[in-house]
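Enquirer: Below you'll find the structure I mean.
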Amino acid sequence: MYILAQQLINGIILGSIYGLIAIGYTMVYGIIGMINFAHGEVYMISAYLFAIFLALASIFGITSLPVALLITLVLTLIITGMYGFVVERIAYRPLRGSSRLAPLISAIGMSLVLQNYVQIAQGAKDQALPPLYSGVIRVGPPDNFMQITHIQLMIIMVTVVSMVALHLLINHTALGRACRATQQDRTMANLLGINTDRTISLTFVIGASMAAVAGMLITFNFGSFNYFIGFVAGIKAFTAAVLGGIGSIPGAMLGGIILGMSESLFAGFVNTDYKDVFTFSLLVAVLIFKPTGILGQPEVEKI
Amino acid sequence: MGALVGVVFALSMIQGAAMAATIKIGVAGPITGPYAKFGEQLTRGAKAAADAINKAGGINGDMIEIIPGDDACDPKQARAVANRLVNAGVHAVAGHFCSSSTIPASEVYDEANVLMITPASTNPQVTERGLAAVFRTCGRDDQQGDVAGDFIARKLGAKRVAVIHDKDTYGQGLADATKFRLNKNGIKEVLYEGVTRGDKDFNSLVTKMKGLKVDVIYFGGLHVEAGLIARQSYEQGLKATFISGDGIVSEEFPAIAGPATEGVLMSFGADPRKISSAQSAVKMFRSEGYEPEAYTLYSYTTIQVIAEALRANRNSKDGAKLAKYIKSNSFNTVMGKKEFDSKGDLKVSDYVVYRWSKGAGGKYDYKEIP
């Protein structure tokens with residue numbers, strides 16, 4: 001019983017992270033119909049920024065962990081957001097209006113550039129962050145308990161808050177209205193006075209911020225990262241986005257949770273070796289029966 | 001007249017080249033990538049040995065030049081690096097590091113008849129394939145597995161052992177060797193599974209081990225995944241002894257594992273830094289501000305063996321000839337006297353079990369268990 005509960009907790013935490021990264025893929029796809037392969041690298045960069053700013057905070061004598069975390073959070077979000085903005089400006093905007101394959105290739109190129117840039121600037125070795133905080137809640141008998149650490153609890157809470165904030169932003173603000181209008185028909189939105197270029201830039205910034213939140217949480221929790229983590233995380237998050245229905249924000253979160261749960265439960269109760277085989281088979285199965293993903297809408301031909 | 005001068009000039013060039021001949025020795029390993037720390041140990045050790053030999057007059061008057069090759073522990077890249085080294089005309093190769101790289105690369109060297117000595121690849125298959133000019137200056141995983149298996153069964157008195165590996169040639173080979181020895185000692189593992197390199201989250205595996213009430217976790221793999229599994233076990237309150245092999249001999253292991261490092265066990269060759277014949281080399285490394293941990297001295301030893309074989313064979317590039325010499329002679333190295341059997345393995349392996357624990361300065365270090 002406790003084991004099952006523990007595996008569910010493990011799955012939710014893993015799924016939250018996948019979901020947060022998947023949002024970046026799904027928003028960009030929704031608005032301009034391309035897959036931003038450099039998104040995983042933005043997540044990787046946020047992990048480095050997080051560690052760097054935490055170290056700087058301690059150098060400047062900020063000993064209180066919550067204060068240091070808050071400063072780090074704000075700075076990392078700003079810089080990662082800038083990365084999202086610049087990536088769009090350099091690699092995608094000049095190619096807007098060209099064939100659909102061109103930005104795809106430049107996305108892969110951007111991903112390689114960022115990966116190698118971090119490898120050269122920060123070194124190729126694995127970086128480690130020592131455990132900074134170790135609070136835990138345990139339920140059950142001493143030899144068979146289930147537990148959730150405070151950091152894991154924080155992951156779930158931050159994910160929920162981010163999702164609610166994003167929902168409000170998209171559905172209840174002028175910016176969100178502009179996003180939705182651009183998504184539905186870019187030419188028409190342009191004619192009606194919406195600055196679609198700026199809206200697209202902002203979408204990249206929002207997506208990058210979500211990836212930054214995920215990058216910080218996962219670094220805080222696991223304490224190990226290198227220049228290559230963006231690849232694996234990116235593939236998994238992309239899978240989550242497709243599973244949930246690419247283009248749909250709740251779909252990305254749902255896809256992430258399903259992916260995390262299935263990985264965790266399969267590894268926990270069947271076999272760790274074939275965990276990834278199972279999750280990708282699941283993806284194939286879903287796409288066979290529902291090609292648009294779980295919450296995806298079929299693309300409507302615009303006349 | 002002009003032509004004659006030209007000829008004389010050309011002749012003197014040739015002679016000049018012959019006099020200042022260099023002996024190229026390839027040093028291949030993960031110079032970049034997550035395991036770059038080990039690559040650094042290999043190149044540091046090799047460079048130091050080459051410098052010492054060059055200072056003493058080189059090999060039959062020729063100077064050693066180290067040609068680094070970066071395989072990033074990627075089997076495909078290892079083949080490419082091997083081809084590049086062969087094309088560069090190396091006399092011999094010290095490397096590679098990861099067994100999964102050494103095995104494909106050794107085929108390239110074998111085809112080109114180039115001597116290869118790995119200072120670190122412990123998978124049995126490295127020397128079991130009947131390649132004539134393949135050697136190693138480290139032990140084998142089956143020897144290492146025997147030591148770990150006996151230790152778990154006899155010293156730890158374990159009842160419920162989980163054997164985990166990283167599905168890689170080295171990791172799985174080591175885990176299999178340990179499992180085999182455990183079974184021989186009458187212990188049947190309660191869990192035998194592989195994880196994926198590059199994953200960060202092993203919580204579901206840890207929860208599963210907790211459910212199985214595991215008292216010893218044996219992990220075959222490298223320090224990154226080992227550190228994460230140890231840390232997540234600690235965080236989930238799984239009180240099992242964590243034991244692994246020589247793949248976690250790195251100061252990055254405690255950085256990742258944090259407080260979970262305390263009490264972690266590992267099998268590794270007897271610390272080469274404590275061997276009396278290594279003292280002057282150790283002092284030299286430390287004077288340069290470098291701690292010659294883990295494979296540094298193994299790499300040093302490898303270059304010494306290569307140099308000795310070249311010296312006796314008048315700098316021949318013939319791998320088969322050098323191999324014959326190495327198999328029938330003994331070598332005085334910084335790590336003591338080394339002899340090789342007909343497969344290319346050391347005649348005597350020296351695995352012992354170490355324990356990680358926090359030292360006086362608050363830094364984690366490993367000490368041999370008496």
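We name chains A, B, ... following the order of the structure tokens; residues begin at 1 in each chain, and ligands are numbered from 1 as shown.
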Given a cut-off of 7 Å, which residues of chain B touch chain A, counting only C-alpha atoms, written out as a list of chain:residue names?
Expert: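 That gives the following set of residues: B:Thr32, B:Gly33, B:Pro34, B:Tyr35, B:Ala36, B:Lys37, B:Glu193, B:Gly194, B:Val195, B:Lys200, B:Asn203, B:Ser204, B:Leu205, B:Thr207, B:Lys208, B:Gly211, B:Ala255, B:Ile256, B:Gly258.
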Enquirer: From stretch 12-206 of chain B, collect each residue whose DSSP state is alpha helix (DSSP H) and return the set as a PyMOL selection string.
Expert: chain B and resi 12-19+36-55+75-87+99-112+125-128+141-150+169-184+203-206
Enquirer: Write out as a PDB file with N, CA and C atoms, in the first residue's frame the residues lying within 6 Å of stretch 206-215 of chain A, counting only C-alpha atoms and excluding same-chain residues fewer than 6 positions away.
Expert:
ATOM      1  N   ILE A  17       7.663  17.876 -13.647  1.00  0.00           N
ATOM      2  CA  ILE A  17       8.830  18.435 -14.328  1.00  0.00           C
ATOM      3  C   ILE A  17       8.675  18.295 -15.844  1.00  0.00           C
ATOM      4  N   LEU A  20       6.123  20.802 -17.115  1.00  0.00           N
ATOM      5  CA  LEU A  20       6.593  22.194 -17.180  1.00  0.00           C
ATOM      6  C   LEU A  20       7.438  22.435 -18.424  1.00  0.00           C
ATOM      7  N   ILE A  21       8.294  21.460 -18.749  1.00  0.00           N
ATOM      8  CA  ILE A  21       9.128  21.647 -19.947  1.00  0.00           C
ATOM      9  C   ILE A  21       8.261  21.517 -21.199  1.00  0.00           C
ATOM     10  N   GLY A  24       6.572  24.593 -22.973  1.00  0.00           N
ATOM     11  CA  GLY A  24       7.336  25.393 -23.931  1.00  0.00           C
ATOM     12  C   GLY A  24       7.189  24.858 -25.348  1.00  0.00           C
ATOM     13  N   TYR A  43      16.353  24.752 -20.905  1.00  0.00           N
ATOM     14  CA  TYR A  43      16.183  24.111 -19.604  1.00  0.00           C
ATOM     15  C   TYR A  43      17.550  23.807 -18.976  1.00  0.00           C
ATOM     16  N   SER A  46      19.208  26.911 -17.648  1.00  0.00           N
ATOM     17  CA  SER A  46      18.632  27.383 -16.386  1.00  0.00           C
ATOM     18  C   SER A  46      19.212  26.612 -15.204  1.00  0.00           C
ATOM     19  N   ALA A  47      19.535  25.329 -15.421  1.00  0.00           N
ATOM     20  CA  ALA A  47      20.143  24.548 -14.339  1.00  0.00           C
ATOM     21  C   ALA A  47      21.499  25.146 -13.960  1.00  0.00           C
ATOM     22  N   LEU A  77      15.050  33.403 -13.936  1.00  0.00           N
ATOM     23  CA  LEU A  77      13.889  33.574 -14.818  1.00  0.00           C
ATOM     24  C   LEU A  77      14.157  34.673 -15.840  1.00  0.00           C
ATOM     25  N   GLY A  81      14.578  33.786 -19.710  1.00  0.00           N
ATOM     26  CA  GLY A  81      13.593  34.421 -20.591  1.00  0.00           C
ATOM     27  C   GLY A  81      14.287  35.139 -21.739  1.00  0.00           C
ATOM     28  N   GLY A  84      15.307  32.706 -24.324  1.00  0.00           N
ATOM     29  CA  GLY A  84      14.174  32.337 -25.170  1.00  0.00           C
ATOM     30  C   GLY A  84      13.936  33.393 -26.234  1.00  0.00           C
TER      31      GLY A  84
END
Enquirer: Env of B:Val163: 10 Å cut, atoms = only C-alpha atoms, seq-sep filter 4 positions within chain, self excluded. Answer as a ChimeraX atom specification.
Expert: /B:172,175-176,178-179,189-194,216-220,243-244
Enquirer: Please run DSSP on the backbone and report, as a PyMOL selection string, all residues within stretch 126-314 of chain B that come out as strand (DSSP E or B).
Expert: chain B and resi 134-136+161-165+191-194+216-220+241-244+265-269
Enquirer: Given the selection you just returned, output its residues as a file containing N, CA and C atoms, formatted as a PDB file, in the first residue's frame.
Expert:
ATOM      1  N   VAL B 134      46.962  -6.613 -27.214  1.00  0.00           N
ATOM      2  CA  VAL B 134      46.096  -5.862 -26.305  1.00  0.00           C
ATOM      3  C   VAL B 134      46.437  -6.248 -24.867  1.00  0.00           C
ATOM      4  N   PHE B 135      46.735  -5.240 -24.062  1.00  0.00           N
ATOM      5  CA  PHE B 135      47.120  -5.474 -22.662  1.00  0.00           C
ATOM      6  C   PHE B 135      46.335  -4.553 -21.752  1.00  0.00           C
ATOM      7  N   ARG B 136      46.430  -4.822 -20.448  1.00  0.00           N
ATOM      8  CA  ARG B 136      45.922  -3.838 -19.496  1.00  0.00           C
ATOM      9  C   ARG B 136      46.799  -3.834 -18.252  1.00  0.00           C
ATOM     10  N   VAL B 161      20.267  -8.833  -1.247  1.00  0.00           N
ATOM     11  CA  VAL B 161      21.147  -7.994  -2.060  1.00  0.00           C
ATOM     12  C   VAL B 161      20.442  -7.592  -3.357  1.00  0.00           C
ATOM     13  N   ALA B 162      20.505  -6.322  -3.692  1.00  0.00           N
ATOM     14  CA  ALA B 162      20.028  -5.847  -4.994  1.00  0.00           C
ATOM     15  C   ALA B 162      21.241  -5.588  -5.868  1.00  0.00           C
ATOM     16  N   VAL B 163      21.242  -6.142  -7.075  1.00  0.00           N
ATOM     17  CA  VAL B 163      22.349  -5.911  -8.002  1.00  0.00           C
ATOM     18  C   VAL B 163      21.839  -5.008  -9.130  1.00  0.00           C
ATOM     19  N   ILE B 164      22.387  -3.793  -9.213  1.00  0.00           N
ATOM     20  CA  ILE B 164      21.950  -2.799 -10.195  1.00  0.00           C
ATOM     21  C   ILE B 164      23.132  -2.482 -11.112  1.00  0.00           C
ATOM     22  N   HIS B 165      22.842  -2.247 -12.380  1.00  0.00           N
ATOM     23  CA  HIS B 165      23.937  -1.871 -13.288  1.00  0.00           C
ATOM     24  C   HIS B 165      23.429  -0.815 -14.256  1.00  0.00           C
ATOM     25  N   LEU B 191      16.994  -8.606  -6.454  1.00  0.00           N
ATOM     26  CA  LEU B 191      16.653  -7.731  -7.572  1.00  0.00           C
ATOM     27  C   LEU B 191      17.872  -7.620  -8.472  1.00  0.00           C
ATOM     28  N   TYR B 192      17.661  -7.720  -9.785  1.00  0.00           N
ATOM     29  CA  TYR B 192      18.753  -7.536 -10.735  1.00  0.00           C
ATOM     30  C   TYR B 192      18.212  -6.689 -11.873  1.00  0.00           C
ATOM     31  N   GLU B 193      18.609  -5.417 -11.934  1.00  0.00           N
ATOM     32  CA  GLU B 193      18.030  -4.535 -12.950  1.00  0.00           C
ATOM     33  C   GLU B 193      19.035  -3.525 -13.468  1.00  0.00           C
ATOM     34  N   GLY B 194      18.739  -2.984 -14.638  1.00  0.00           N
ATOM     35  CA  GLY B 194      19.611  -1.982 -15.245  1.00  0.00           C
ATOM     36  C   GLY B 194      18.936  -0.625 -15.301  1.00  0.00           C
ATOM     37  N   VAL B 216      21.777  -4.729   1.103  1.00  0.00           N
ATOM     38  CA  VAL B 216      22.984  -4.303   0.395  1.00  0.00           C
ATOM     39  C   VAL B 216      22.618  -3.989  -1.054  1.00  0.00           C
ATOM     40  N   ILE B 217      23.079  -2.831  -1.550  1.00  0.00           N
ATOM     41  CA  ILE B 217      22.896  -2.489  -2.958  1.00  0.00           C
ATOM     42  C   ILE B 217      24.251  -2.608  -3.624  1.00  0.00           C
ATOM     43  N   TYR B 218      24.378  -3.492  -4.603  1.00  0.00           N
ATOM     44  CA  TYR B 218      25.605  -3.517  -5.389  1.00  0.00           C
ATOM     45  C   TYR B 218      25.338  -2.795  -6.696  1.00  0.00           C
ATOM     46  N   PHE B 219      26.163  -1.802  -7.043  1.00  0.00           N
ATOM     47  CA  PHE B 219      25.955  -1.064  -8.287  1.00  0.00           C
ATOM     48  C   PHE B 219      27.162  -1.190  -9.203  1.00  0.00           C
ATOM     49  N   GLY B 220      26.933  -1.659 -10.412  1.00  0.00           N
ATOM     50  CA  GLY B 220      27.982  -1.699 -11.426  1.00  0.00           C
ATOM     51  C   GLY B 220      27.776  -0.528 -12.360  1.00  0.00           C
ATOM     52  N   THR B 241      23.584  -0.910   2.721  1.00  0.00           N
ATOM     53  CA  THR B 241      24.978  -0.594   2.426  1.00  0.00           C
ATOM     54  C   THR B 241      25.139  -0.505   0.920  1.00  0.00           C
ATOM     55  N   PHE B 242      25.718   0.589   0.462  1.00  0.00           N
ATOM     56  CA  PHE B 242      25.922   0.791  -0.969  1.00  0.00           C
ATOM     57  C   PHE B 242      27.350   0.390  -1.314  1.00  0.00           C
ATOM     58  N   ILE B 243      27.502  -0.524  -2.255  1.00  0.00           N
ATOM     59  CA  ILE B 243      28.852  -0.957  -2.638  1.00  0.00           C
ATOM     60  C   ILE B 243      28.970  -0.982  -4.157  1.00  0.00           C
ATOM     61  N   SER B 244      30.074  -0.490  -4.650  1.00  0.00           N
ATOM     62  CA  SER B 244      30.267  -0.404  -6.091  1.00  0.00           C
ATOM     63  C   SER B 244      31.720  -0.727  -6.444  1.00  0.00           C
ATOM     64  N   LEU B 265      30.950   1.687   0.070  1.00  0.00           N
ATOM     65  CA  LEU B 265      32.109   0.812  -0.134  1.00  0.00           C
ATOM     66  C   LEU B 265      32.406   0.689  -1.622  1.00  0.00           C
ATOM     67  N   MET B 266      33.641   0.425  -1.945  1.00  0.00           N
ATOM     68  CA  MET B 266      33.970   0.162  -3.349  1.00  0.00           C
ATOM     69  C   MET B 266      35.230  -0.694  -3.443  1.00  0.00           C
ATOM     70  N   SER B 267      35.277  -1.492  -4.504  1.00  0.00           N
ATOM     71  CA  SER B 267      36.491  -2.265  -4.740  1.00  0.00           C
ATOM     72  C   SER B 267      37.350  -1.485  -5.723  1.00  0.00           C
ATOM     73  N   PHE B 268      38.643  -1.491  -5.478  1.00  0.00           N
ATOM     74  CA  PHE B 268      39.578  -0.765  -6.337  1.00  0.00           C
ATOM     75  C   PHE B 268      40.949  -1.367  -6.078  1.00  0.00           C
ATOM     76  N   GLY B 269      41.851  -1.224  -7.052  1.00  0.00           N
ATOM     77  CA  GLY B 269      43.202  -1.726  -6.833  1.00  0.00           C
ATOM     78  C   GLY B 269      43.813  -1.058  -5.615  1.00  0.00           C
TER      79      GLY B 269
END
Enquirer: If we count only C-alpha atoms and set the cut-off at 7 Å, which residues sit around A:Ile294, ignoring sequence neighbours fewer than 3 positions away in its own chain? Please answer as a ChimeraX atom specification.
Expert: /A:243-245,251,290
Enquirer: Quick one: pull the distance between atom CA of A:Ile258 and atom CA of A:Val139, Å, one decimal.
Expert: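 Taking atom CA of A:Ile258 and atom CA of A:Val139, their separation equals 24.9 Å.
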Enquirer: Expressed in Å to a single decimal, how great is the separation between atom CA of B:Cys73 and atom CA of B:Lys367?
Expert: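 According to the coordinates, atom CA of B:Cys73 and atom CA of B:Lys367 are separated by 27.8 Å.
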Enquirer: Counting only C-alpha atoms, which residue out of B:Ser99, B:Val352, B:Ser330, B:Ala294 sits closest to B:Asp146?
Expert: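 Closest to B:Asp146 of all the choices is B:Val352.
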Enquirer: Within 9 Å of A:Gln115, counting only C-alpha atoms, which residues qualify if same-chain residues fewer than 2 places away don't, as a PyMOL selection string?
Expert: chain A and resi 41+44-45+110-113+117-120+227-228+230
Enquirer: Restricting the output to N, CA and C atoms, write the selected residues as a JSON list (two decimals), in the first residue's frame.
Expert:
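To be explicit, this is the file written out as selection_36.json:
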[["chain", "number", "residue", "atom", "x", "y", "z"],
["A", 41, "GLU", "N", 17.63, 22.81, -24.36],
["A", 41, "GLU", "CA", 18.90, 23.46, -23.99],
["A", 41, "GLU", "C", 18.64, 24.65, -23.08],
["A", 44, "MET", "N", 18.47, 23.30, -19.81],
["A", 44, "MET", "CA", 19.81, 22.98, -19.32],
["A", 44, "MET", "C", 20.52, 24.24, -18.82],
["A", 45, "ILE", "N", 20.39, 25.32, -19.58],
["A", 45, "ILE", "CA", 21.05, 26.58, -19.19],
["A", 45, "ILE", "C", 20.51, 27.08, -17.86],
["A", 110, "MET", "N", 20.52, 25.51, -33.46],
["A", 110, "MET", "CA", 20.53, 26.33, -32.24],
["A", 110, "MET", "C", 20.80, 25.44, -31.02],
["A", 111, "SER", "N", 20.18, 24.28, -31.02],
["A", 111, "SER", "CA", 20.35, 23.35, -29.91],
["A", 111, "SER", "C", 21.82, 22.94, -29.78],
["A", 112, "LEU", "N", 22.46, 22.64, -30.93],
["A", 112, "LEU", "CA", 23.87, 22.25, -30.91],
["A", 112, "LEU", "C", 24.75, 23.40, -30.45],
["A", 113, "VAL", "N", 24.43, 24.61, -30.93],
["A", 113, "VAL", "CA", 25.22, 25.78, -30.57],
["A", 113, "VAL", "C", 25.18, 25.99, -29.05],
["A", 117, "TYR", "N", 28.28, 25.61, -26.56],
["A", 117, "TYR", "CA", 28.66, 26.85, -25.88],
["A", 117, "TYR", "C", 28.79, 26.59, -24.37],
["A", 118, "VAL", "N", 27.83, 25.88, -23.81],
["A", 118, "VAL", "CA", 27.90, 25.60, -22.37],
["A", 118, "VAL", "C", 29.04, 24.63, -22.08],
["A", 119, "GLN", "N", 29.23, 23.67, -22.98],
["A", 119, "GLN", "CA", 30.32, 22.70, -22.78],
["A", 119, "GLN", "C", 31.67, 23.42, -22.73],
["A", 120, "ILE", "N", 31.85, 24.40, -23.62],
["A", 120, "ILE", "CA", 33.13, 25.10, -23.66],
["A", 120, "ILE", "C", 33.24, 26.08, -22.49],
["A", 227, "TYR", "N", 26.14, 19.55, -19.41],
["A", 227, "TYR", "CA", 25.68, 20.28, -20.59],
["A", 227, "TYR", "C", 24.75, 19.46, -21.46],
["A", 228, "PHE", "N", 24.60, 18.18, -21.16],
["A", 228, "PHE", "CA", 23.85, 17.29, -22.04],
["A", 228, "PHE", "C", 22.45, 16.98, -21.52],
["A", 230, "GLY", "N", 19.81, 18.63, -21.34],
["A", 230, "GLY", "CA", 18.71, 19.18, -22.12],
["A", 230, "GLY", "C", 18.20, 18.20, -23.16]]
Enquirer: Residues near stretch 270-278 of chain B, anyone? I mean within 9 Å using only C-alpha atoms, not counting same-chain ones fewer than 5 positions away, as a list in words.
Expert: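 That gives Lys283, Pro292, Glu293, Ala294, Tyr295, Leu297, Tyr298, Thr333, Val334, Met335, Gly336, Asp350, Tyr351, Val352, Val353, Tyr354, Lys367 and Glu368 of chain B.
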Enquirer: Using the selection just defined, write its residues with N, CA and C atoms as a PDB file, in the first residue's frame.
Expert:
ATOM      1  N   LYS B 283      55.159  12.675  -5.353  1.00  0.00           N
ATOM      2  CA  LYS B 283      55.666  13.964  -4.874  1.00  0.00           C
ATOM      3  C   LYS B 283      55.708  14.971  -6.023  1.00  0.00           C
ATOM      4  N   PRO B 292      47.474  12.820  -7.678  1.00  0.00           N
ATOM      5  CA  PRO B 292      47.448  11.705  -8.639  1.00  0.00           C
ATOM      6  C   PRO B 292      46.519  10.582  -8.212  1.00  0.00           C
ATOM      7  N   GLU B 293      45.204  10.880  -8.138  1.00  0.00           N
ATOM      8  CA  GLU B 293      44.283   9.868  -7.644  1.00  0.00           C
ATOM      9  C   GLU B 293      43.896   8.893  -8.752  1.00  0.00           C
ATOM     10  N   ALA B 294      43.224   7.838  -8.357  1.00  0.00           N
ATOM     11  CA  ALA B 294      42.616   6.853  -9.246  1.00  0.00           C
ATOM     12  C   ALA B 294      43.561   6.369 -10.348  1.00  0.00           C
ATOM     13  N   TYR B 295      43.305   6.726 -11.611  1.00  0.00           N
ATOM     14  CA  TYR B 295      43.999   6.097 -12.727  1.00  0.00           C
ATOM     15  C   TYR B 295      45.272   6.822 -13.152  1.00  0.00           C
ATOM     16  N   LEU B 297      48.293   7.098 -11.856  1.00  0.00           N
ATOM     17  CA  LEU B 297      49.512   6.295 -11.809  1.00  0.00           C
ATOM     18  C   LEU B 297      49.416   5.046 -12.685  1.00  0.00           C
ATOM     19  N   TYR B 298      48.190   4.567 -12.913  1.00  0.00           N
ATOM     20  CA  TYR B 298      48.019   3.443 -13.842  1.00  0.00           C
ATOM     21  C   TYR B 298      48.457   3.875 -15.239  1.00  0.00           C
ATOM     22  N   THR B 333      57.948  -0.717 -12.668  1.00  0.00           N
ATOM     23  CA  THR B 333      57.199   0.518 -12.889  1.00  0.00           C
ATOM     24  C   THR B 333      57.020   1.245 -11.563  1.00  0.00           C
ATOM     25  N   VAL B 334      56.379   2.417 -11.644  1.00  0.00           N
ATOM     26  CA  VAL B 334      56.111   3.144 -10.403  1.00  0.00           C
ATOM     27  C   VAL B 334      55.176   2.341  -9.496  1.00  0.00           C
ATOM     28  N   MET B 335      54.389   1.447 -10.095  1.00  0.00           N
ATOM     29  CA  MET B 335      53.481   0.642  -9.287  1.00  0.00           C
ATOM     30  C   MET B 335      54.094  -0.715  -8.956  1.00  0.00           C
ATOM     31  N   GLY B 336      55.404  -0.793  -8.995  1.00  0.00           N
ATOM     32  CA  GLY B 336      56.075  -2.038  -8.651  1.00  0.00           C
ATOM     33  C   GLY B 336      56.290  -2.912  -9.872  1.00  0.00           C
ATOM     34  N   ASP B 350      45.238  -6.806  -7.664  1.00  0.00           N
ATOM     35  CA  ASP B 350      45.410  -6.356  -6.281  1.00  0.00           C
ATOM     36  C   ASP B 350      44.169  -5.624  -5.771  1.00  0.00           C
ATOM     37  N   TYR B 351      42.986  -6.173  -6.055  1.00  0.00           N
ATOM     38  CA  TYR B 351      41.769  -5.498  -5.606  1.00  0.00           C
ATOM     39  C   TYR B 351      41.584  -5.589  -4.099  1.00  0.00           C
ATOM     40  N   VAL B 352      41.200  -4.464  -3.517  1.00  0.00           N
ATOM     41  CA  VAL B 352      40.829  -4.448  -2.107  1.00  0.00           C
ATOM     42  C   VAL B 352      39.567  -3.597  -1.982  1.00  0.00           C
ATOM     43  N   VAL B 353      38.937  -3.643  -0.790  1.00  0.00           N
ATOM     44  CA  VAL B 353      37.706  -2.882  -0.593  1.00  0.00           C
ATOM     45  C   VAL B 353      38.018  -1.624   0.208  1.00  0.00           C
ATOM     46  N   TYR B 354      37.450  -0.501  -0.279  1.00  0.00           N
ATOM     47  CA  TYR B 354      37.638   0.788   0.376  1.00  0.00           C
ATOM     48  C   TYR B 354      36.312   1.272   0.959  1.00  0.00           C
ATOM     49  N   LYS B 367      39.227   5.095   2.328  1.00  0.00           N
ATOM     50  CA  LYS B 367      40.344   4.410   2.985  1.00  0.00           C
ATOM     51  C   LYS B 367      40.149   2.913   2.859  1.00  0.00           C
ATOM     52  N   GLU B 368      41.262   2.225   2.757  1.00  0.00           N
ATOM     53  CA  GLU B 368      41.211   0.774   2.641  1.00  0.00           C
ATOM     54  C   GLU B 368      40.670   0.167   3.928  1.00  0.00           C
TER      55      GLU B 368
END
Enquirer: Using only C-alpha atoms, find the one residue out of A:Phe53, A:Phe220, A:Phe238, A:Phe278 that sits nearest to A:Ala38.
Expert: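 Between A:Phe53, A:Phe220, A:Phe238, A:Phe278, the residue approaching A:Ala38 most closely is A:Phe238.
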Enquirer: Mind giving me the straight-line distance from atom CA of B:Thr127 to atom CA of B:Pro75 in Å, one decimal?
Expert: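 These two atoms are separated by 17.1 Å.
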Enquirer: Would you please work out which residue, of A:Tyr133, A:Phe85, A:Tyr92, A:Phe280, is nearest to A:Ser201 when using only C-alpha atoms?
Expert: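 Closest to A:Ser201, using only C-alpha atoms: A:Phe85.
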